[in-house]
Each structure stands twice: as C-alpha cells, then as structure tokens.
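*Asks:* Below is the structure I would like to discuss, written out as structure tokens.
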Amino acid sequence: MDTEVFKDEEFSKVYQEKMFPLSKKVTNLIIGFLEDKKGRPFDLAVDAGCGTGRSTRPLAEHFCKVIGIDISESQINEAKRFTPQENITYQVSPVEKMPLEDASVDLVNSNAAAHWFPIDQFIPEVTRVLKNRGCLALHCLYPKFTIQYKNCSGTLTNIFNEVRVDFV
C-alpha cells in the first residue's frame, strides 16, 4: 500500500481534524489486559503508526513515558501541535526499525495502522522491543481481520478475534 498520502501536510491537518478518536473502551480493555498480565507500574508505551497522536494521547495517563512513532513527519508535526502531555514524545521512524532498546517496552499499540506495516518485519521488531510479559495491541475498525505471519497466522488471527469491543 502507498503511504505517501500521509506525508502531505494538508492531508495530515484534515486527518487530525476528522479522524475518529480512540475509544475509551478500547483503551480500558488494553490497560486492563496489561494489568492482569504484567501488573503496574507501566514504564513505556509505544504507539506504532501513531499518525497525529489520536491513539497516543490516551495512553499518557497510564504510562511514565509514551513514544509515538510514524514514518510521516507531517503526521508527527500535527501530533506535536495537539499533545499537551509532557510524558509523550514523537519520533519519525519506520515501525519495523524502532529506535528503542531491546526489552524496553511494556506496550506496543497500533490503532488502525497495522494494515500499512510490513508485518513480516514488524512482528520481529515488536518481539525485540517488548519486555517479558509486555503486550502488543492491534486494533482496527473492521471486526473481520486476518493477520498473516509465517506459520502463526491462524493463532494470531484467533487471538485478535477473541476480543471485540463495540464503539457504540
């Protein structure tokens, strides 16, 4: 898929203004799962494919530090304009080459963006940066979603489909 449209400043402004916000239900579901799996405190969350930060900002109250990562400088610039939280930073970077240390992240989050990623490179990168008992949260609008990755496709898709949250 072509991601060039996200690099356009005018598109990024419209995206920030019109794109849906992250559902509080989804945020609570992710945080609840992470609490059960790992327990607090939560040090670092990464929002992969953060766009204009709409799914980054809700994480700030739950983590000491949140990093939004996106390949688009114009999306990151919009994110910075609308982010008052001091514990959030943004970086222009491909998600398959995150500028993070091994085993340093509690949560890798991606809202409506994973379909743009080279999954065969993204999943190993997530594995590299996640702490033991860390969590990968992929969420999207369409409830029928298939994750294709090596011989784990069925398992990953089943895990994804275990939880569905109504936005209404």
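Chain identifiers are assigned as A, B, and so on, following the order in which chains appear in the structure tokens; residues are numbered from 1 within each chain, and ligands are numbered from 1 in order of appearance.
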Give me, as a list in words, all polymer residues having an atom no more than 7 Å from A:His139, counting only C-alpha atoms and skipping those fewer than 2 positions away in the same chain.

*Replies:*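 Skipping anything fewer than 2 positions along the chain leaves Ser110, Asn111, Ala112 and Ala137 of chain A.
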
*Asks:* Among stretch 29-162 of chain A, which residues does DSSP mark as strand (DSSP E) when it is run on the backbone? Keep the chain and numbering as in the structure and answer as a tab-separated table (two decimals) with all heavy atoms, in the first residue's frame.

*Replies:*
```tsv
chain	number	residue	atom	x	y	z
A	44	LEU	N	6.88	2.22	29.77
A	44	LEU	CA	6.95	2.75	28.41
A	44	LEU	C	5.91	2.10	27.50
A	44	LEU	O	5.83	0.88	27.42
A	44	LEU	CB	8.36	2.52	27.84
A	44	LEU	CG	8.61	2.94	26.39
A	44	LEU	CD1	8.36	4.44	26.18
A	44	LEU	CD2	10.03	2.57	25.97
A	45	ALA	N	5.17	2.96	26.80
A	45	ALA	CA	4.28	2.52	25.73
A	45	ALA	C	4.75	3.13	24.43
A	45	ALA	O	5.24	4.27	24.40
A	45	ALA	CB	2.83	2.95	26.00
A	46	VAL	N	4.62	2.38	23.36
A	46	VAL	CA	4.94	2.87	22.02
A	46	VAL	C	3.68	2.76	21.19
A	46	VAL	O	3.04	1.70	21.15
A	46	VAL	CB	6.08	2.04	21.38
A	46	VAL	CG1	6.27	2.44	19.92
A	46	VAL	CG2	7.36	2.22	22.16
A	47	ASP	N	3.31	3.85	20.55
A	47	ASP	CA	2.17	3.85	19.63
A	47	ASP	C	2.74	3.79	18.22
A	47	ASP	O	3.25	4.79	17.71
A	47	ASP	CB	1.31	5.09	19.85
A	47	ASP	CG	-0.01	5.01	19.12
A	47	ASP	OD1	-0.46	3.89	18.79
A	47	ASP	OD2	-0.62	6.08	18.89
A	48	ALA	N	2.70	2.62	17.63
A	48	ALA	CA	3.29	2.38	16.31
A	48	ALA	C	2.32	2.81	15.21
A	48	ALA	O	1.17	2.39	15.20
A	48	ALA	CB	3.62	0.89	16.15
A	65	LYS	N	6.10	7.05	30.35
A	65	LYS	CA	6.54	7.64	29.09
A	65	LYS	C	5.81	6.96	27.94
A	65	LYS	O	5.62	5.75	27.95
A	65	LYS	CB	8.05	7.48	28.93
A	65	LYS	CG	8.62	8.14	27.69
A	65	LYS	CD	10.13	8.04	27.64
A	65	LYS	CE	10.65	8.74	26.40
A	65	LYS	NZ	12.10	8.63	26.29
A	66	VAL	N	5.44	7.76	26.94
A	66	VAL	CA	4.79	7.25	25.74
A	66	VAL	C	5.54	7.83	24.54
A	66	VAL	O	5.82	9.03	24.50
A	66	VAL	CB	3.30	7.65	25.66
A	66	VAL	CG1	2.65	7.11	24.40
A	66	VAL	CG2	2.55	7.16	26.90
A	67	ILE	N	5.84	6.97	23.58
A	67	ILE	CA	6.50	7.41	22.35
A	67	ILE	C	5.59	7.07	21.17
A	67	ILE	O	5.20	5.92	20.99
A	67	ILE	CB	7.87	6.72	22.15
A	67	ILE	CG1	8.80	7.01	23.32
A	67	ILE	CG2	8.50	7.17	20.82
A	67	ILE	CD1	10.09	6.22	23.30
A	68	GLY	N	5.26	8.08	20.39
A	68	GLY	CA	4.53	7.87	19.15
A	68	GLY	C	5.52	7.77	18.01
A	68	GLY	O	6.41	8.62	17.88
A	69	ILE	N	5.39	6.72	17.20
A	69	ILE	CA	6.31	6.51	16.08
A	69	ILE	C	5.49	6.46	14.79
A	69	ILE	O	4.48	5.76	14.71
A	69	ILE	CB	7.10	5.21	16.25
A	69	ILE	CG1	8.03	5.31	17.45
A	69	ILE	CG2	7.90	4.88	14.98
A	69	ILE	CD1	8.81	4.04	17.75
A	70	ASP	N	5.94	7.20	13.79
A	70	ASP	CA	5.28	7.21	12.49
A	70	ASP	C	6.31	7.56	11.42
A	70	ASP	O	7.28	8.25	11.71
A	70	ASP	CB	4.14	8.24	12.47
A	70	ASP	CG	3.11	7.95	11.40
A	70	ASP	OD1	3.38	8.26	10.22
A	70	ASP	OD2	2.05	7.41	11.74
A	88	ILE	N	4.81	12.51	26.68
A	88	ILE	CA	4.72	11.97	25.32
A	88	ILE	C	5.76	12.64	24.43
A	88	ILE	O	5.90	13.86	24.43
A	88	ILE	CB	3.32	12.21	24.71
A	88	ILE	CG1	2.25	11.47	25.51
A	88	ILE	CG2	3.30	11.75	23.25
A	88	ILE	CD1	0.83	11.71	25.00
A	89	THR	N	6.49	11.80	23.68
A	89	THR	CA	7.39	12.29	22.64
A	89	THR	C	7.04	11.58	21.35
A	89	THR	O	6.38	10.54	21.35
A	89	THR	CB	8.87	12.04	22.99
A	89	THR	OG1	9.08	10.64	23.15
A	89	THR	CG2	9.28	12.78	24.24
A	90	TYR	N	7.50	12.14	20.25
A	90	TYR	CA	7.23	11.56	18.93
A	90	TYR	C	8.53	11.41	18.17
A	90	TYR	O	9.44	12.23	18.32
A	90	TYR	CB	6.26	12.45	18.14
A	90	TYR	CG	4.88	12.50	18.74
A	90	TYR	CD1	4.50	13.54	19.58
A	90	TYR	CD2	3.96	11.49	18.49
A	90	TYR	CE1	3.23	13.59	20.15
A	90	TYR	CE2	2.69	11.52	19.05
A	90	TYR	CZ	2.33	12.57	19.87
A	90	TYR	OH	1.08	12.60	20.43
A	91	GLN	N	8.58	10.37	17.33
A	91	GLN	CA	9.75	10.12	16.51
A	91	GLN	C	9.32	9.72	15.11
A	91	GLN	O	8.40	8.91	14.95
A	91	GLN	CB	10.60	9.00	17.10
A	91	GLN	CG	11.17	9.33	18.46
A	91	GLN	CD	12.05	8.22	19.00
A	91	GLN	OE1	12.48	7.32	18.28
A	91	GLN	NE2	12.34	8.27	20.28
A	92	VAL	N	9.99	10.28	14.13
A	92	VAL	CA	9.79	9.86	12.74
A	92	VAL	C	10.66	8.63	12.52
A	92	VAL	O	11.89	8.71	12.62
A	92	VAL	CB	10.14	10.98	11.75
A	92	VAL	CG1	9.99	10.49	10.31
A	92	VAL	CG2	9.28	12.21	12.00
A	105	VAL	N	10.01	-2.05	26.36
A	105	VAL	CA	8.65	-1.53	26.17
A	105	VAL	C	7.62	-2.44	26.84
A	105	VAL	O	7.66	-3.65	26.70
A	105	VAL	CB	8.35	-1.42	24.65
A	105	VAL	CG1	6.94	-0.94	24.39
A	105	VAL	CG2	9.37	-0.51	23.97
A	106	ASP	N	6.68	-1.82	27.56
A	106	ASP	CA	5.59	-2.56	28.18
A	106	ASP	C	4.45	-2.82	27.19
A	106	ASP	O	3.81	-3.87	27.23
A	106	ASP	CB	5.02	-1.78	29.38
A	106	ASP	CG	6.02	-1.64	30.50
A	106	ASP	OD1	6.50	-2.68	30.98
A	106	ASP	OD2	6.34	-0.50	30.88
A	107	LEU	N	4.16	-1.84	26.33
A	107	LEU	CA	3.06	-1.94	25.38
A	107	LEU	C	3.47	-1.38	24.04
A	107	LEU	O	3.97	-0.26	23.96
A	107	LEU	CB	1.84	-1.16	25.89
A	107	LEU	CG	0.68	-0.98	24.91
A	107	LEU	CD1	-0.02	-2.31	24.65
A	107	LEU	CD2	-0.31	0.06	25.40
A	108	VAL	N	3.24	-2.16	22.98
A	108	VAL	CA	3.28	-1.63	21.61
A	108	VAL	C	1.83	-1.61	21.16
A	108	VAL	O	1.16	-2.64	21.13
A	108	VAL	CB	4.14	-2.50	20.66
A	108	VAL	CG1	4.01	-1.98	19.23
A	108	VAL	CG2	5.59	-2.51	21.09
A	109	ASN	N	1.34	-0.42	20.88
A	109	ASN	CA	-0.04	-0.19	20.50
A	109	ASN	C	-0.09	0.24	19.04
A	109	ASN	O	0.79	0.93	18.56
A	109	ASN	CB	-0.59	0.94	21.39
A	109	ASN	CG	-2.02	1.27	21.06
A	109	ASN	OD1	-2.92	0.48	21.32
A	109	ASN	ND2	-2.25	2.46	20.51
A	110	SER	N	-1.13	-0.18	18.33
A	110	SER	CA	-1.33	0.29	16.97
A	110	SER	C	-2.82	0.34	16.67
A	110	SER	O	-3.49	-0.69	16.65
A	110	SER	CB	-0.61	-0.61	15.96
A	110	SER	OG	-0.78	-0.06	14.67
A	111	ASN	N	-3.31	1.53	16.44
A	111	ASN	CA	-4.73	1.75	16.18
A	111	ASN	C	-4.94	2.05	14.70
A	111	ASN	O	-4.48	3.07	14.21
A	111	ASN	CB	-5.25	2.92	17.03
A	111	ASN	CG	-6.69	3.23	16.75
A	111	ASN	OD1	-7.51	2.34	16.59
A	111	ASN	ND2	-7.01	4.51	16.69
A	130	LEU	N	9.71	-5.52	23.11
A	130	LEU	CA	8.83	-5.79	24.24
A	130	LEU	C	9.57	-6.41	25.42
A	130	LEU	O	10.42	-7.29	25.25
A	130	LEU	CB	7.69	-6.73	23.85
A	130	LEU	CG	6.47	-6.12	23.21
A	130	LEU	CD1	5.45	-7.20	22.89
A	130	LEU	CD2	5.84	-5.03	24.05
A	131	LYS	N	9.21	-5.97	26.62
A	131	LYS	CA	9.70	-6.58	27.84
A	131	LYS	C	9.03	-7.95	28.01
A	131	LYS	O	7.99	-8.22	27.39
A	131	LYS	CB	9.30	-5.74	29.07
A	131	LYS	CG	10.00	-4.43	29.19
A	131	LYS	CD	9.47	-3.70	30.43
A	131	LYS	CE	10.13	-2.37	30.62
A	131	LYS	NZ	9.54	-1.65	31.80
A	132	ASN	N	9.60	-8.77	28.86
A	132	ASN	CA	8.93	-10.00	29.24
A	132	ASN	C	7.57	-9.63	29.83
A	132	ASN	O	7.49	-8.73	30.65
A	132	ASN	CB	9.80	-10.74	30.27
A	132	ASN	CG	9.23	-12.09	30.62
A	132	ASN	OD1	8.57	-12.72	29.80
A	132	ASN	ND2	9.49	-12.53	31.83
A	133	ARG	N	6.53	-10.28	29.38
A	133	ARG	CA	5.15	-10.03	29.79
A	133	ARG	C	4.60	-8.72	29.22
A	133	ARG	O	3.56	-8.21	29.67
A	133	ARG	CB	4.99	-10.09	31.30
A	133	ARG	CG	5.44	-11.42	31.89
A	133	ARG	CD	5.34	-11.50	33.37
A	133	ARG	NE	3.98	-11.69	33.84
A	133	ARG	CZ	3.28	-12.81	33.77
A	133	ARG	NH1	3.82	-13.88	33.22
A	133	ARG	NH2	2.07	-12.88	34.24
A	134	GLY	N	5.29	-8.16	28.23
A	134	GLY	CA	4.78	-6.97	27.54
A	134	GLY	C	3.63	-7.36	26.62
A	134	GLY	O	3.32	-8.54	26.46
A	135	CYS	N	3.02	-6.37	26.01
A	135	CYS	CA	1.80	-6.61	25.24
A	135	CYS	C	1.85	-5.89	23.90
A	135	CYS	O	2.32	-4.75	23.82
A	135	CYS	CB	0.62	-6.10	26.06
A	135	CYS	SG	-0.99	-6.23	25.26
A	136	LEU	N	1.36	-6.54	22.87
A	136	LEU	CA	1.12	-5.94	21.56
A	136	LEU	C	-0.39	-5.81	21.41
A	136	LEU	O	-1.12	-6.79	21.54
A	136	LEU	CB	1.68	-6.82	20.44
A	136	LEU	CG	1.26	-6.44	19.01
A	136	LEU	CD1	1.74	-5.05	18.63
A	136	LEU	CD2	1.77	-7.49	18.02
A	137	ALA	N	-0.86	-4.59	21.17
A	137	ALA	CA	-2.29	-4.34	20.97
A	137	ALA	C	-2.51	-3.78	19.57
A	137	ALA	O	-2.08	-2.67	19.27
A	137	ALA	CB	-2.82	-3.37	22.02
A	138	LEU	N	-3.13	-4.58	18.71
A	138	LEU	CA	-3.52	-4.14	17.37
A	138	LEU	C	-5.03	-4.01	17.36
A	138	LEU	O	-5.73	-4.96	17.72
A	138	LEU	CB	-3.09	-5.16	16.31
A	138	LEU	CG	-1.61	-5.54	16.24
A	138	LEU	CD1	-1.40	-6.64	15.21
A	138	LEU	CD2	-0.76	-4.33	15.92
A	139	HIS	N	-5.54	-2.88	16.94
A	139	HIS	CA	-6.99	-2.72	16.86
A	139	HIS	C	-7.34	-1.93	15.61
A	139	HIS	O	-6.55	-1.15	15.10
A	139	HIS	CB	-7.57	-2.10	18.13
A	139	HIS	CG	-6.71	-1.07	18.79
A	139	HIS	ND1	-6.97	0.26	18.73
A	139	HIS	CD2	-5.58	-1.20	19.54
A	139	HIS	CE1	-6.05	0.93	19.43
A	139	HIS	NE2	-5.20	0.06	19.91
```

*Asks:* Would you please work out which residue, of A:Asp102, A:Glu61, A:Asp43, A:Glu35, is nearest to A:Pro84 when using only C-alpha atoms?

*Replies:*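 Closest candidate: A:Glu61.
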
*Asks:* If you run DSSP on the backbone, which residues of stretch 24-79 of chain A are alpha helix (DSSP H), as a list in words?

*Replies:*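 Everything in stretch 24-79 of chain A that counts as alpha helix (DSSP H) is Lys24, Lys25, Val26, Thr27, Asn28, Leu29, Ile30, Ile31, Gly32, Phe33, Leu34, Glu35, Asp36, Lys37, Glu73, Ser74, Gln75, Ile76, Asn77, Glu78 and Ala79 of chain A.
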
*Asks:* Can you measure atom CA of A:Ile76 to atom CA of A:Ile119 for me? One decimal in Å is fine.

*Replies:*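 So the answer is 21.7 Å.
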
*Asks:* Please determine, counting only C-alpha atoms, which residue among A:Val129, A:His62, A:Ile123, A:Asp36 has the shortest atom-to-atom distance to A:Leu156.

*Replies:* A:Ile123

*Asks:* Kindly indicate which residue among A:Glu101, A:Tyr149, A:Asn77, A:Ala60 lies nearest to A:Phe117, using only C-alpha atoms for the distances.

*Replies:* A:Tyr149

*Asks:* Excluding same-chain residues fewer than 5 positions from A:Thr27, what lies within 9 Å of it counting only C-alpha atoms, as JSON, numbers by chain?

*Replies:* {"A": [22, 32, 55, 58, 59]}

*Asks:* Go ahead and write the residues just picked, N, CA and C atoms, as a PDB file, in the first residue's frame.

*Replies:*
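selection.pdb, written as the output of this step:
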```pdb
ATOM      1  N   LEU A  22      -9.672   7.532  19.625  1.00  0.00           N
ATOM      2  CA  LEU A  22      -9.583   6.183  20.177  1.00  0.00           C
ATOM      3  C   LEU A  22     -10.671   6.012  21.226  1.00  0.00           C
ATOM      4  N   GLY A  32      -6.483  -2.884  31.072  1.00  0.00           N
ATOM      5  CA  GLY A  32      -6.922  -3.981  31.941  1.00  0.00           C
ATOM      6  C   GLY A  32      -6.178  -5.271  31.645  1.00  0.00           C
ATOM      7  N   SER A  55      -4.317   8.115  19.066  1.00  0.00           N
ATOM      8  CA  SER A  55      -4.271   6.918  19.913  1.00  0.00           C
ATOM      9  C   SER A  55      -3.078   6.942  20.869  1.00  0.00           C
ATOM     10  N   PRO A  58      -4.259   9.157  24.709  1.00  0.00           N
ATOM     11  CA  PRO A  58      -4.976   8.465  25.794  1.00  0.00           C
ATOM     12  C   PRO A  58      -4.097   7.526  26.627  1.00  0.00           C
ATOM     13  N   LEU A  59      -2.946   7.156  26.126  1.00  0.00           N
ATOM     14  CA  LEU A  59      -2.050   6.265  26.867  1.00  0.00           C
ATOM     15  C   LEU A  59      -1.257   7.003  27.945  1.00  0.00           C
TER      16      LEU A  59
END
```

*Asks:* Between atom CA of A:Met98 and atom CA of A:Asn151, measure the distance and give it in Å to one decimal.

*Replies:*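 So the answer is 24.1 Å.
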
*Asks:* Out of A:Ile30, A:Leu100, A:Ala113, A:Glu73, which residue has the shortest atom-to-atom distance to A:Arg54 when counting only C-alpha atoms?

*Replies:*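 Smallest distance to A:Arg54 is found for A:Ala113.
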
*Asks:* What gap, in Å, lies between atom CA of A:Ala103 and atom CA of A:Val126?

*Replies:*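 According to the coordinates, atom CA of A:Ala103 and atom CA of A:Val126 are separated by 9.3 Å.
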